Amino acid sequence: MKILVPVKRVIDANIKVRVSADNSAVDLNNVKMSMNPFCEIAVEEAVRLKEKGIASEIVAITIGDEKSQEQLRTAMALGADRSIWIEQAGNIEPLSIAKLLKAVVDKESPDLVILGKQSIDGDNNQVGQMLAALCNMPQGTFAYKLEIEDGRAIVSREIDGGEQVVSLALPAVVTTDLRLNEPRYAKLPDIMKAKKKPIDHLTPADLGIEISSSLKTLSVKEPAGRSAGVIVNSAQELIDKLRNEAKVIS
Amino acid sequence: MSVLVIAEHNNKKLNALTGNVITAAAKIDADVHILVAGNDCSAVAESSAEYDGVSKVLLADKPSHEHHLPESLGPLVIEVATNYTAILLAASTTGKNLAPRVAALLDVAQISDIVAVEAADTFVRPVYAGNALATVQSNDSIKIITVRTSAFDETASGNTKAPIEYVDFALEQDSSRFVSENLAVSERPELAAASIVISGGRGLGSAENFQILEKLADKLGAAIGASRAAVDAGYVGNDLQVGQTGKIVAPDLYIAVGISGAIQHLAGMKDSKVIVAINSDADAPIFQVADYGLVADLFQVLPEIDALLS
C-alpha cells in the first residue's frame, strides 16, 4: 500500500502571532516555523502503518517556497521514503492546494492520503475534504483511530456529540485529529540519512495546474482586546462580583 | 438572490444553532431557504419552517441521507445549489465535513468559520487560533460558508410557517459506510449553546474530580467544558473539549478551573462575555484574559463556591 502524506510549514504552535502595522497580513519575519502539528500526526500514522507491514511506501509532499523542503527532510527523517516539493511561494488557497495534490494523486495512485485536518495558520479545515471530492474518493475526517481491513479504511472520528465510525473503500482520504497518535521525535542518525533521500522538485506548470484565487484578503487585524481583569481574594468575593457587578449569576 | 442554509439536526430534532446560521445568512440576502437532508426527519423540516425570514424549506428525506455522509449529501447539495448566491452551514463537525466537499465539487472557494458578514461578498474570519481576524472578499458566483454560531444571535421563530418542498434526489453509494456512533447523553445544556460554561483542566486531576464541577454546573444550569489536557488524560470525553480544534464557545460566563490558558484553549473561549479563572499558579496565562481571577487551590475554593450557590 502506498500512502501520500501532504505536510505544511507553518508558524510554530507556541508562538503568538503579531499583525503587521499596515494590517495587511500576519507578521512572519524571523518567526520560528515548524511542521503543522496535525501534519506531524499524519506522518506518524503513516509510519506506524509501515511498521505494521500494511504500508510499503510513504511519500511526503509539500507546497511552498524552498524553505518548506525542511519539512520534507523532517518527514523523511521520521520515516517517509521519498518526497515531492511543489514549488509555489506566497499564499495559496485550499482549492488550489487540493488541485495540485489531485494532480499528484493521479500520477502516484496512492491507496491512502493522510493529512492534517487543519493547519494552525489558516485554520480552514478544507484541503482533505476538497481533495477527496476532486479525486472522487471517500473521506474520513477528524480521525482519532485508523484501521485497514479487507481493502477498506475503518476511521473512527471525533464529532461534536461524541464519536462515529465509518468504513471507506480504498483509495480514501483521511484527516488527522489530535488524539490519533503521539508523534515521535526524529533521531539524529535518521536525520542524517534523510539528507540522502530524494526530493522531487515540481512546479504547478509541470502538473498542468494554473493557480487561481477567488478570495482577496482586504485586511488582517488583531481582535479587540479585553479590558484588564481583577484578582479577587476569596470565593465569597468572586460570587459577590459575579452576582452584583457582572450580574451573570443569580 | 436567495441563500440556502443547510440545517443542523439529528433527524429527530432541529439543532437550535441553525437559528444562528440563519442570522448570518440573512445578512447576505433577506430571502433564506433551508435544506433539511436526513432520514425520517419531517419534524426537523417543520421546525425549520418556523424561523423568521425563511421562505421555503427543502426536505430531502431518504434512508441514504440518514447519517449525513458527505459522499451522499455532497451530490444532493449540488443538485439544489443552482440559483443560490450562498450556501451556509454551521461550523460544526457535520458542516466542516461537508462544506469543503461541496465547494470543490462546485469549483469555488470555501470560507470557514465566519464571525461577521460585512457585505454579500465580504466576511470576517479568525485565523492563527483567533489571534488575528482576516476580512476576505470572494468573487465566486456562489459562496460556500461555514458559520461560527457563537458569533451570531439566534433568529426568532414561531411567528411564521414556510412551505415545505420535497427533494427526491438520493445517491446510493458504498464508498463510505456508516458503521457506528457513540454519542454522549446529558441533561445539561449543550456546550456550544450554553450561556454558562464551567470548564476543567489538568488541575482537576481525575475523572472523579470532574464530579465537583458537575455539582456546580447543576446549580448554575451550566454546561461542562474541558481543556485538551483533561480530555487527553481521559477525565472527560472529547465532546467537551473547548479550543482551537474543539468547540468554540462564547457564553455569558466562562469559568476556567485548573486550566493554564494555552493559546489553543484561549482560541475556543476568549470571546466569552465574562471569564473567571481559578488556578493555583498566579503566572498561568489564563489570568491575562480573565475578568475575575482567583489564585487558589481549586479543591479548597470549589466547595466554598458550592456552599455560596446553595
# chains A, B, ... in the order shown; residues from 1 in each chain; ligands from 1
>>> closest_atom_pairs(of="region 132-220 of chain A", to="region 71-88 of chain B", cutoff="9 Å", atoms="only C-alpha atoms", output="Markdown table")
| residue | atom | partner | partner_atom | distance |
| --- | --- | --- | --- | --- |
| A:Ala133 | CA | B:Glu71 | CA | 8.3 |
| A:Asn136 | CA | B:Glu71 | CA | 8.8 |
| A:Met137 | CA | B:Glu71 | CA | 8.5 |
| A:Pro138 | CA | B:Glu71 | CA | 6.4 |
| A:Gln139 | CA | B:Glu71 | CA | 7.9 |
>>> interface_residues(of="chain A", to="chain B", cutoff="7 Å", atoms="only C-alpha atoms", output="MDAnalysis selection string")
chainID A and resid 17 19 95 120:124 126 129:130 133:134 138 141 159:169 214:223 226 228:235 248
>>> write_last_selection(atoms="N, CA and C atoms", output="short mmCIF file (atom, residue, chain, number, x, y, z; two decimals), in the first residue's frame")
data_model
loop_
_atom_site.label_atom_id
_atom_site.label_comp_id
_atom_site.auth_asym_id
_atom_site.auth_seq_id
_atom_site.Cartn_x
_atom_site.Cartn_y
_atom_site.Cartn_z
N VAL A 17 0.98 35.20 17.40
CA VAL A 17 1.29 35.98 16.20
C VAL A 17 1.10 37.47 16.43
N VAL A 19 0.22 41.07 14.13
CA VAL A 19 -0.28 41.54 12.86
C VAL A 19 0.61 42.68 12.38
N LEU A 95 -8.42 25.37 -2.32
CA LEU A 95 -8.88 24.71 -3.54
C LEU A 95 -7.71 24.47 -4.49
N ILE A 120 -2.61 25.28 11.42
CA ILE A 120 -2.89 26.21 12.51
C ILE A 120 -2.70 27.67 12.12
N ASP A 121 -2.36 27.91 10.84
CA ASP A 121 -2.29 29.30 10.38
C ASP A 121 -3.67 29.70 9.84
N GLY A 122 -4.08 29.10 8.76
CA GLY A 122 -5.38 29.45 8.19
C GLY A 122 -6.57 28.88 8.94
N ASP A 123 -6.36 27.79 9.70
CA ASP A 123 -7.46 27.14 10.43
C ASP A 123 -8.66 26.86 9.51
N ASN A 124 -8.40 26.54 8.24
CA ASN A 124 -9.51 26.36 7.31
C ASN A 124 -10.20 25.01 7.44
N GLN A 126 -10.09 22.38 5.26
CA GLN A 126 -10.75 22.19 3.96
C GLN A 126 -10.01 21.25 3.01
N GLN A 129 -10.95 17.42 2.57
CA GLN A 129 -12.30 17.21 2.04
C GLN A 129 -12.36 17.57 0.55
N MET A 130 -11.68 18.68 0.20
CA MET A 130 -11.68 19.11 -1.21
C MET A 130 -10.95 18.09 -2.07
N ALA A 133 -13.12 15.16 -2.74
CA ALA A 133 -14.16 15.44 -3.73
C ALA A 133 -13.58 15.42 -5.14
N LEU A 134 -12.43 16.08 -5.33
CA LEU A 134 -11.83 16.17 -6.67
C LEU A 134 -11.40 14.81 -7.18
N PRO A 138 -13.80 8.62 -0.96
CA PRO A 138 -14.49 8.86 0.31
C PRO A 138 -13.53 9.53 1.30
N THR A 141 -12.76 12.24 8.10
CA THR A 141 -12.15 13.41 8.70
C THR A 141 -12.11 13.30 10.22
N ILE A 159 -16.60 13.63 16.60
CA ILE A 159 -17.64 14.53 16.12
C ILE A 159 -18.19 15.32 17.31
N ASP A 160 -19.00 16.32 17.03
CA ASP A 160 -19.46 17.21 18.10
C ASP A 160 -20.08 16.46 19.27
N GLY A 161 -20.91 15.47 18.97
CA GLY A 161 -21.64 14.78 20.03
C GLY A 161 -20.88 13.61 20.64
N GLY A 162 -19.73 13.26 20.10
CA GLY A 162 -19.00 12.10 20.62
C GLY A 162 -18.14 11.48 19.54
N GLU A 163 -18.46 10.25 19.15
CA GLU A 163 -17.61 9.54 18.20
C GLU A 163 -18.45 8.84 17.13
N GLN A 164 -17.83 8.69 15.95
CA GLN A 164 -18.50 8.00 14.86
C GLN A 164 -17.48 7.14 14.13
N VAL A 165 -17.91 5.99 13.64
CA VAL A 165 -17.00 5.13 12.86
C VAL A 165 -17.57 4.97 11.46
N VAL A 166 -16.73 5.19 10.44
CA VAL A 166 -17.13 4.96 9.05
C VAL A 166 -16.14 4.00 8.40
N SER A 167 -16.63 3.29 7.39
CA SER A 167 -15.80 2.36 6.65
C SER A 167 -15.67 2.89 5.22
N LEU A 168 -14.44 3.13 4.78
CA LEU A 168 -14.20 3.76 3.49
C LEU A 168 -13.51 2.80 2.54
N ALA A 169 -14.03 2.74 1.29
CA ALA A 169 -13.34 1.95 0.28
C ALA A 169 -12.03 2.66 -0.08
N SER A 214 -9.81 33.09 -5.65
CA SER A 214 -11.07 33.83 -5.69
C SER A 214 -11.29 34.63 -4.41
N LEU A 215 -10.37 34.47 -3.44
CA LEU A 215 -10.53 35.20 -2.19
C LEU A 215 -9.45 36.27 -2.09
N LYS A 216 -9.86 37.49 -1.78
CA LYS A 216 -8.90 38.56 -1.60
C LYS A 216 -8.93 38.96 -0.13
N THR A 217 -7.77 39.00 0.49
CA THR A 217 -7.72 39.42 1.90
C THR A 217 -7.66 40.95 1.93
N LEU A 218 -8.70 41.55 2.46
CA LEU A 218 -8.76 43.02 2.48
C LEU A 218 -7.97 43.58 3.66
N SER A 219 -8.01 42.87 4.78
CA SER A 219 -7.24 43.33 5.94
C SER A 219 -7.09 42.19 6.93
N VAL A 220 -6.08 42.33 7.79
CA VAL A 220 -5.88 41.39 8.88
C VAL A 220 -5.69 42.22 10.13
N LYS A 221 -6.56 42.03 11.12
CA LYS A 221 -6.49 42.88 12.31
C LYS A 221 -6.38 42.03 13.56
N GLU A 222 -5.85 42.64 14.60
CA GLU A 222 -5.89 41.94 15.88
C GLU A 222 -7.30 42.07 16.44
N PRO A 223 -7.76 41.05 17.13
CA PRO A 223 -9.10 41.16 17.70
C PRO A 223 -9.09 42.20 18.83
N ARG A 226 -9.39 42.45 25.54
CA ARG A 226 -10.29 42.51 26.69
C ARG A 226 -9.74 43.55 27.65
N ALA A 228 -8.59 44.94 31.25
CA ALA A 228 -7.89 44.19 32.30
C ALA A 228 -8.87 43.70 33.35
N GLY A 229 -8.60 42.55 33.88
CA GLY A 229 -9.47 41.99 34.91
C GLY A 229 -8.93 42.29 36.29
N VAL A 230 -9.58 41.75 37.30
CA VAL A 230 -9.13 41.94 38.68
C VAL A 230 -8.89 40.59 39.33
N ILE A 231 -7.99 40.60 40.28
CA ILE A 231 -7.79 39.41 41.10
C ILE A 231 -8.68 39.55 42.33
N VAL A 232 -9.46 38.51 42.60
CA VAL A 232 -10.27 38.51 43.81
C VAL A 232 -9.57 37.64 44.85
N ASN A 233 -9.94 37.79 46.08
CA ASN A 233 -9.18 37.12 47.14
C ASN A 233 -9.91 35.99 47.83
N SER A 234 -11.15 35.76 47.45
CA SER A 234 -11.87 34.66 48.09
C SER A 234 -13.03 34.25 47.21
N ALA A 235 -13.54 33.06 47.53
CA ALA A 235 -14.72 32.57 46.82
C ALA A 235 -15.88 33.54 47.05
N VAL A 248 -23.99 37.97 36.13
CA VAL A 248 -24.13 36.82 35.26
C VAL A 248 -24.68 35.60 35.97
#
>>> atom_distance(atom1="CA of Gly64 (chain A)", atom2="CA of Ala267 (chain B)")
26.4 Å
>>> atom_distance(atom1="CA of Leu115 (chain A)", atom2="CA of Asp177 (chain A)")
9.6 Å
>>> atom_distance(atom1="CA of Ser150 (chain B)", atom2="CA of Ala193 (chain B)")
7.5 Å
>>> select_by_dssp(residues="region 44-203 of chain A", states="strand (DSSP E or B)", output="PDB file with N, CA and C atoms, in the first residue's frame")
ATOM      1  N   GLU A  57       5.135   1.971   1.128  1.00  0.00           N
ATOM      2  CA  GLU A  57       5.843   3.178   0.701  1.00  0.00           C
ATOM      3  C   GLU A  57       5.111   4.410   1.205  1.00  0.00           C
ATOM      4  N   ILE A  58       5.882   5.344   1.751  1.00  0.00           N
ATOM      5  CA  ILE A  58       5.320   6.616   2.212  1.00  0.00           C
ATOM      6  C   ILE A  58       5.966   7.737   1.418  1.00  0.00           C
ATOM      7  N   VAL A  59       5.108   8.550   0.778  1.00  0.00           N
ATOM      8  CA  VAL A  59       5.597   9.686   0.002  1.00  0.00           C
ATOM      9  C   VAL A  59       5.091  10.962   0.661  1.00  0.00           C
ATOM     10  N   ALA A  60       6.011  11.799   1.124  1.00  0.00           N
ATOM     11  CA  ALA A  60       5.618  13.086   1.714  1.00  0.00           C
ATOM     12  C   ALA A  60       5.573  14.127   0.612  1.00  0.00           C
ATOM     13  N   ILE A  61       4.717  15.119   0.789  1.00  0.00           N
ATOM     14  CA  ILE A  61       4.607  16.149  -0.236  1.00  0.00           C
ATOM     15  C   ILE A  61       4.327  17.490   0.416  1.00  0.00           C
ATOM     16  N   THR A  62       4.907  18.549  -0.094  1.00  0.00           N
ATOM     17  CA  THR A  62       4.581  19.864   0.412  1.00  0.00           C
ATOM     18  C   THR A  62       4.533  20.859  -0.723  1.00  0.00           C
ATOM     19  N   ILE A  63       3.792  21.944  -0.498  1.00  0.00           N
ATOM     20  CA  ILE A  63       3.671  23.011  -1.482  1.00  0.00           C
ATOM     21  C   ILE A  63       4.155  24.277  -0.789  1.00  0.00           C
ATOM     22  N   GLY A  64       5.193  24.899  -1.339  1.00  0.00           N
ATOM     23  CA  GLY A  64       5.695  26.104  -0.687  1.00  0.00           C
ATOM     24  C   GLY A  64       6.985  26.581  -1.312  1.00  0.00           C
ATOM     25  N   ARG A  82      10.329   8.880   0.318  1.00  0.00           N
ATOM     26  CA  ARG A  82      10.761   9.922  -0.597  1.00  0.00           C
ATOM     27  C   ARG A  82       9.770  11.057  -0.488  1.00  0.00           C
ATOM     28  N   SER A  83      10.086  12.157  -1.161  1.00  0.00           N
ATOM     29  CA  SER A  83       9.162  13.281  -1.054  1.00  0.00           C
ATOM     30  C   SER A  83       9.088  14.093  -2.344  1.00  0.00           C
ATOM     31  N   ILE A  84       8.062  14.931  -2.387  1.00  0.00           N
ATOM     32  CA  ILE A  84       7.806  15.780  -3.548  1.00  0.00           C
ATOM     33  C   ILE A  84       7.648  17.207  -3.064  1.00  0.00           C
ATOM     34  N   TRP A  85       8.394  18.113  -3.668  1.00  0.00           N
ATOM     35  CA  TRP A  85       8.269  19.535  -3.344  1.00  0.00           C
ATOM     36  C   TRP A  85       7.651  20.222  -4.547  1.00  0.00           C
ATOM     37  N   ILE A  86       6.433  20.787  -4.349  1.00  0.00           N
ATOM     38  CA  ILE A  86       5.832  21.593  -5.405  1.00  0.00           C
ATOM     39  C   ILE A  86       6.142  23.037  -5.069  1.00  0.00           C
ATOM     40  N   GLU A  87       6.945  23.650  -5.914  1.00  0.00           N
ATOM     41  CA  GLU A  87       7.424  24.999  -5.613  1.00  0.00           C
ATOM     42  C   GLU A  87       6.351  26.027  -5.935  1.00  0.00           C
ATOM     43  N   LEU A 112      -3.962   5.517   0.000  1.00  0.00           N
ATOM     44  CA  LEU A 112      -4.438   6.313   1.120  1.00  0.00           C
ATOM     45  C   LEU A 112      -3.728   7.659   1.095  1.00  0.00           C
ATOM     46  N   VAL A 113      -4.466   8.716   1.338  1.00  0.00           N
ATOM     47  CA  VAL A 113      -3.853  10.019   1.560  1.00  0.00           C
ATOM     48  C   VAL A 113      -4.188  10.380   3.001  1.00  0.00           C
ATOM     49  N   ILE A 114      -3.154  10.625   3.808  1.00  0.00           N
ATOM     50  CA  ILE A 114      -3.400  11.018   5.199  1.00  0.00           C
ATOM     51  C   ILE A 114      -2.856  12.430   5.371  1.00  0.00           C
ATOM     52  N   LEU A 115      -3.696  13.356   5.841  1.00  0.00           N
ATOM     53  CA  LEU A 115      -3.212  14.708   6.065  1.00  0.00           C
ATOM     54  C   LEU A 115      -3.847  15.304   7.305  1.00  0.00           C
ATOM     55  N   GLY A 116      -3.267  16.379   7.776  1.00  0.00           N
ATOM     56  CA  GLY A 116      -3.792  17.027   8.969  1.00  0.00           C
ATOM     57  C   GLY A 116      -5.174  17.598   8.712  1.00  0.00           C
ATOM     58  N   GLN A 139     -14.099  10.205   2.314  1.00  0.00           N
ATOM     59  CA  GLN A 139     -13.277  10.940   3.271  1.00  0.00           C
ATOM     60  C   GLN A 139     -13.594  10.517   4.706  1.00  0.00           C
ATOM     61  N   GLY A 140     -12.543  10.391   5.504  1.00  0.00           N
ATOM     62  CA  GLY A 140     -12.708  10.114   6.929  1.00  0.00           C
ATOM     63  C   GLY A 140     -12.001  11.213   7.693  1.00  0.00           C
ATOM     64  N   THR A 141     -12.762  12.235   8.102  1.00  0.00           N
ATOM     65  CA  THR A 141     -12.148  13.414   8.704  1.00  0.00           C
ATOM     66  C   THR A 141     -12.111  13.304  10.222  1.00  0.00           C
ATOM     67  N   PHE A 142     -11.219  14.082  10.829  1.00  0.00           N
ATOM     68  CA  PHE A 142     -11.079  14.201  12.287  1.00  0.00           C
ATOM     69  C   PHE A 142     -10.867  12.827  12.932  1.00  0.00           C
ATOM     70  N   ALA A 143      -9.950  12.049  12.337  1.00  0.00           N
ATOM     71  CA  ALA A 143      -9.744  10.673  12.780  1.00  0.00           C
ATOM     72  C   ALA A 143      -8.980  10.603  14.090  1.00  0.00           C
ATOM     73  N   TYR A 144      -9.492   9.788  15.032  1.00  0.00           N
ATOM     74  CA  TYR A 144      -8.724   9.512  16.248  1.00  0.00           C
ATOM     75  C   TYR A 144      -8.253   8.059  16.269  1.00  0.00           C
ATOM     76  N   LYS A 145      -8.715   7.281  15.281  1.00  0.00           N
ATOM     77  CA  LYS A 145      -8.245   5.902  15.149  1.00  0.00           C
ATOM     78  C   LYS A 145      -8.391   5.495  13.697  1.00  0.00           C
ATOM     79  N   LEU A 146      -7.415   4.740  13.191  1.00  0.00           N
ATOM     80  CA  LEU A 146      -7.451   4.302  11.796  1.00  0.00           C
ATOM     81  C   LEU A 146      -7.029   2.850  11.726  1.00  0.00           C
ATOM     82  N   GLU A 147      -7.869   2.029  11.102  1.00  0.00           N
ATOM     83  CA  GLU A 147      -7.503   0.633  10.880  1.00  0.00           C
ATOM     84  C   GLU A 147      -7.735   0.305   9.417  1.00  0.00           C
ATOM     85  N   ILE A 148      -6.930  -0.593   8.882  1.00  0.00           N
ATOM     86  CA  ILE A 148      -7.129  -1.025   7.498  1.00  0.00           C
ATOM     87  C   ILE A 148      -7.564  -2.483   7.542  1.00  0.00           C
ATOM     88  N   GLU A 149      -8.737  -2.770   6.935  1.00  0.00           N
ATOM     89  CA  GLU A 149      -9.288  -4.142   6.986  1.00  0.00           C
ATOM     90  C   GLU A 149      -9.915  -4.456   5.653  1.00  0.00           C
ATOM     91  N   ARG A 152     -10.505  -1.780   3.078  1.00  0.00           N
ATOM     92  CA  ARG A 152     -11.240  -0.580   3.480  1.00  0.00           C
ATOM     93  C   ARG A 152     -10.536   0.066   4.666  1.00  0.00           C
ATOM     94  N   ALA A 153     -10.691   1.378   4.770  1.00  0.00           N
ATOM     95  CA  ALA A 153     -10.153   2.109   5.916  1.00  0.00           C
ATOM     96  C   ALA A 153     -11.289   2.276   6.919  1.00  0.00           C
ATOM     97  N   ILE A 154     -11.094   1.788   8.128  1.00  0.00           N
ATOM     98  CA  ILE A 154     -12.094   1.950   9.184  1.00  0.00           C
ATOM     99  C   ILE A 154     -11.636   3.148  10.010  1.00  0.00           C
ATOM    100  N   VAL A 155     -12.375   4.247   9.898  1.00  0.00           N
ATOM    101  CA  VAL A 155     -11.957   5.503  10.509  1.00  0.00           C
ATOM    102  C   VAL A 155     -12.892   5.847  11.657  1.00  0.00           C
ATOM    103  N   SER A 156     -12.327   5.983  12.839  1.00  0.00           N
ATOM    104  CA  SER A 156     -13.094   6.431  13.998  1.00  0.00           C
ATOM    105  C   SER A 156     -12.889   7.935  14.085  1.00  0.00           C
ATOM    106  N   ARG A 157     -14.013   8.677  14.129  1.00  0.00           N
ATOM    107  CA  ARG A 157     -13.937  10.131  14.012  1.00  0.00           C
ATOM    108  C   ARG A 157     -14.431  10.814  15.285  1.00  0.00           C
ATOM    109  N   GLU A 158     -13.807  11.917  15.628  1.00  0.00           N
ATOM    110  CA  GLU A 158     -14.327  12.754  16.715  1.00  0.00           C
ATOM    111  C   GLU A 158     -15.355  13.696  16.107  1.00  0.00           C
ATOM    112  N   ILE A 159     -16.602  13.628  16.603  1.00  0.00           N
ATOM    113  CA  ILE A 159     -17.641  14.533  16.117  1.00  0.00           C
ATOM    114  C   ILE A 159     -18.186  15.318  17.307  1.00  0.00           C
ATOM    115  N   GLY A 162     -19.727  13.264  20.099  1.00  0.00           N
ATOM    116  CA  GLY A 162     -19.005  12.098  20.617  1.00  0.00           C
ATOM    117  C   GLY A 162     -18.141  11.481  19.536  1.00  0.00           C
ATOM    118  N   GLU A 163     -18.465  10.255  19.150  1.00  0.00           N
ATOM    119  CA  GLU A 163     -17.614   9.536  18.203  1.00  0.00           C
ATOM    120  C   GLU A 163     -18.449   8.839  17.133  1.00  0.00           C
ATOM    121  N   GLN A 164     -17.831   8.687  15.952  1.00  0.00           N
ATOM    122  CA  GLN A 164     -18.503   7.995  14.856  1.00  0.00           C
ATOM    123  C   GLN A 164     -17.485   7.136  14.130  1.00  0.00           C
ATOM    124  N   VAL A 165     -17.905   5.986  13.636  1.00  0.00           N
ATOM    125  CA  VAL A 165     -17.005   5.128  12.862  1.00  0.00           C
ATOM    126  C   VAL A 165     -17.571   4.965  11.463  1.00  0.00           C
ATOM    127  N   VAL A 166     -16.727   5.188  10.445  1.00  0.00           N
ATOM    128  CA  VAL A 166     -17.127   4.956   9.055  1.00  0.00           C
ATOM    129  C   VAL A 166     -16.139   3.997   8.402  1.00  0.00           C
ATOM    130  N   SER A 167     -16.632   3.293   7.385  1.00  0.00           N
ATOM    131  CA  SER A 167     -15.795   2.356   6.646  1.00  0.00           C
ATOM    132  C   SER A 167     -15.669   2.893   5.223  1.00  0.00           C
ATOM    133  N   LEU A 168     -14.437   3.130   4.780  1.00  0.00           N
ATOM    134  CA  LEU A 168     -14.203   3.759   3.487  1.00  0.00           C
ATOM    135  C   LEU A 168     -13.510   2.803   2.542  1.00  0.00           C
ATOM    136  N   ALA A 169     -14.031   2.741   1.291  1.00  0.00           N
ATOM    137  CA  ALA A 169     -13.338   1.953   0.277  1.00  0.00           C
ATOM    138  C   ALA A 169     -12.032   2.664  -0.075  1.00  0.00           C
ATOM    139  N   ALA A 172      -8.731   6.249  -0.274  1.00  0.00           N
ATOM    140  CA  ALA A 172      -9.520   7.172   0.536  1.00  0.00           C
ATOM    141  C   ALA A 172      -8.617   8.273   1.091  1.00  0.00           C
ATOM    142  N   VAL A 173      -9.278   9.341   1.577  1.00  0.00           N
ATOM    143  CA  VAL A 173      -8.575  10.448   2.221  1.00  0.00           C
ATOM    144  C   VAL A 173      -8.943  10.449   3.698  1.00  0.00           C
ATOM    145  N   VAL A 174      -7.950  10.518   4.551  1.00  0.00           N
ATOM    146  CA  VAL A 174      -8.174  10.579   5.996  1.00  0.00           C
ATOM    147  C   VAL A 174      -7.526  11.853   6.527  1.00  0.00           C
ATOM    148  N   THR A 175      -8.250  12.599   7.371  1.00  0.00           N
ATOM    149  CA  THR A 175      -7.603  13.759   8.015  1.00  0.00           C
ATOM    150  C   THR A 175      -7.463  13.470   9.508  1.00  0.00           C
ATOM    151  N   THR A 176      -6.343  13.936  10.068  1.00  0.00           N
ATOM    152  CA  THR A 176      -5.992  13.543  11.431  1.00  0.00           C
ATOM    153  C   THR A 176      -6.494  14.541  12.459  1.00  0.00           C
ATOM    154  N   ILE A 199      14.172  14.265  -3.063  1.00  0.00           N
ATOM    155  CA  ILE A 199      13.058  15.218  -3.139  1.00  0.00           C
ATOM    156  C   ILE A 199      12.854  15.544  -4.617  1.00  0.00           C
ATOM    157  N   ASP A 200      11.692  15.206  -5.112  1.00  0.00           N
ATOM    158  CA  ASP A 200      11.321  15.554  -6.498  1.00  0.00           C
ATOM    159  C   ASP A 200      10.859  16.994  -6.537  1.00  0.00           C
ATOM    160  N   HIS A 201      11.430  17.795  -7.381  1.00  0.00           N
ATOM    161  CA  HIS A 201      11.064  19.207  -7.446  1.00  0.00           C
ATOM    162  C   HIS A 201      10.114  19.427  -8.618  1.00  0.00           C
ATOM    163  N   LEU A 202       8.894  19.857  -8.335  1.00  0.00           N
ATOM    164  CA  LEU A 202       7.918  20.117  -9.399  1.00  0.00           C
ATOM    165  C   LEU A 202       7.392  21.534  -9.278  1.00  0.00           C
TER     166      LEU A 202
END
>>> select_by_dssp(residues="region 80-300 of chain B", states="alpha helix (DSSP H)", output="PyMOL selection string")
chain B and resi 80+93-105+210-220+228-232+263-269+298-300
>>> residues_around(residues="Ala77 (chain A)", least_positions_apart="5", cutoff="8 Å", atoms="only C-alpha atoms", output="short mmCIF file (atom, residue, chain, number, x, y, z; two decimals) with N, CA and C atoms, in the first residue's frame")
data_model
loop_
_atom_site.label_atom_id
_atom_site.label_comp_id
_atom_site.auth_asym_id
_atom_site.auth_seq_id
_atom_site.Cartn_x
_atom_site.Cartn_y
_atom_site.Cartn_z
N ALA A 186 12.33 12.82 15.59
CA ALA A 186 13.31 12.25 14.65
C ALA A 186 14.63 12.04 15.38
N LYS A 187 15.24 10.88 15.13
CA LYS A 187 16.54 10.60 15.76
C LYS A 187 17.65 11.12 14.85
N ASP A 190 18.70 9.21 11.74
CA ASP A 190 17.68 9.26 10.70
C ASP A 190 17.66 10.61 10.01
N ILE A 191 17.93 11.66 10.78
CA ILE A 191 18.01 13.00 10.18
C ILE A 191 19.15 13.04 9.18
N MET A 192 20.28 12.40 9.52
CA MET A 192 21.42 12.36 8.60
C MET A 192 21.07 11.56 7.35
N LYS A 193 20.43 10.40 7.57
CA LYS A 193 20.06 9.55 6.41
C LYS A 193 19.06 10.26 5.51
N ALA A 194 18.19 11.07 6.09
CA ALA A 194 17.15 11.73 5.31
C ALA A 194 17.74 12.70 4.30
#
>>> closest_residue(among="B:Ile164, B:Ile142, B:Ala256, B:Ala194", to="Ala60 (chain B)", atoms="only C-alpha atoms")
B:Ile164
>>> residues_around(residues="Gly208 (chain A)", least_positions_apart="3", cutoff="12 Å", atoms="only C-alpha atoms", output="PyMOL selection string")
chain A and resi 99-104+106-107+202-205+211
>>> write_last_selection(atoms="C-alpha atoms", output="PDB file, in the first residue's frame")
ATOM      1  CA  LYS A  99      -5.981  20.635  -7.272  1.00  0.00           C
ATOM      2  CA  LEU A 100      -2.197  20.324  -7.064  1.00  0.00           C
ATOM      3  CA  LEU A 101      -2.492  17.338  -4.747  1.00  0.00           C
ATOM      4  CA  LYS A 102      -5.038  15.748  -7.069  1.00  0.00           C
ATOM      5  CA  ALA A 103      -2.571  16.015  -9.941  1.00  0.00           C
ATOM      6  CA  VAL A 104      -0.015  14.189  -7.797  1.00  0.00           C
ATOM      7  CA  ASP A 106      -3.292  10.966 -10.430  1.00  0.00           C
ATOM      8  CA  LYS A 107       0.439  10.363 -11.018  1.00  0.00           C
ATOM      9  CA  LEU A 202       7.918  20.117  -9.399  1.00  0.00           C
ATOM     10  CA  THR A 203       6.099  23.300 -10.317  1.00  0.00           C
ATOM     11  CA  PRO A 204       2.378  23.779 -10.822  1.00  0.00           C
ATOM     12  CA  ALA A 205       3.088  24.123 -14.559  1.00  0.00           C
ATOM     13  CA  ILE A 211      -3.055  28.550  -9.604  1.00  0.00           C
TER      14      ILE A 211
END
>>> residues_around(residues="region 18-31 of chain B", least_positions_apart="3", cutoff="8 Å", atoms="only C-alpha atoms", output="compact mmCIF listing (two decimals) with C-alpha atoms, in the first residue's frame")
# COMPACT_ATOMS: atom_id res chain seq x y z
CA MET B 1 -30.82 36.14 -4.96
CA SER B 2 -31.74 33.68 -2.20
CA VAL B 3 -29.38 31.99 0.18
CA LEU B 4 -29.56 28.40 1.35
CA VAL B 5 -28.93 27.24 4.91
CA ALA B 7 -30.00 22.62 8.69
CA GLU B 8 -28.02 21.08 11.52
CA LEU B 14 -33.51 20.55 14.70
CA ASN B 15 -30.36 21.87 16.37
CA TYR B 51 -37.86 30.83 11.51
CA GLY B 53 -37.07 35.23 7.06
CA VAL B 54 -37.32 31.64 5.81
CA SER B 55 -39.49 31.49 2.72
CA ALA B 86 -24.60 31.45 -0.97
CA LEU B 88 -24.26 28.34 4.70
CA LEU B 89 -23.71 25.61 7.26
CA ALA B 90 -22.86 25.72 10.95
CA ALA B 116 -19.17 38.56 10.67
CA VAL B 117 -20.78 39.43 7.36
CA ALA B 119 -21.24 42.58 2.65
CA ALA B 120 -22.77 39.89 0.48
CA ASP B 121 -19.25 39.01 -0.69
CA VAL B 147 -20.60 29.93 10.32
CA THR B 149 -22.53 30.11 15.54
CA SER B 150 -21.25 31.70 18.77
CA PHE B 152 -24.31 35.39 15.77
CA ASP B 153 -27.56 35.64 17.72
CA GLU B 154 -30.34 33.23 17.05
CA THR B 155 -33.11 34.30 14.64
CA ALA B 156 -36.60 34.40 16.16
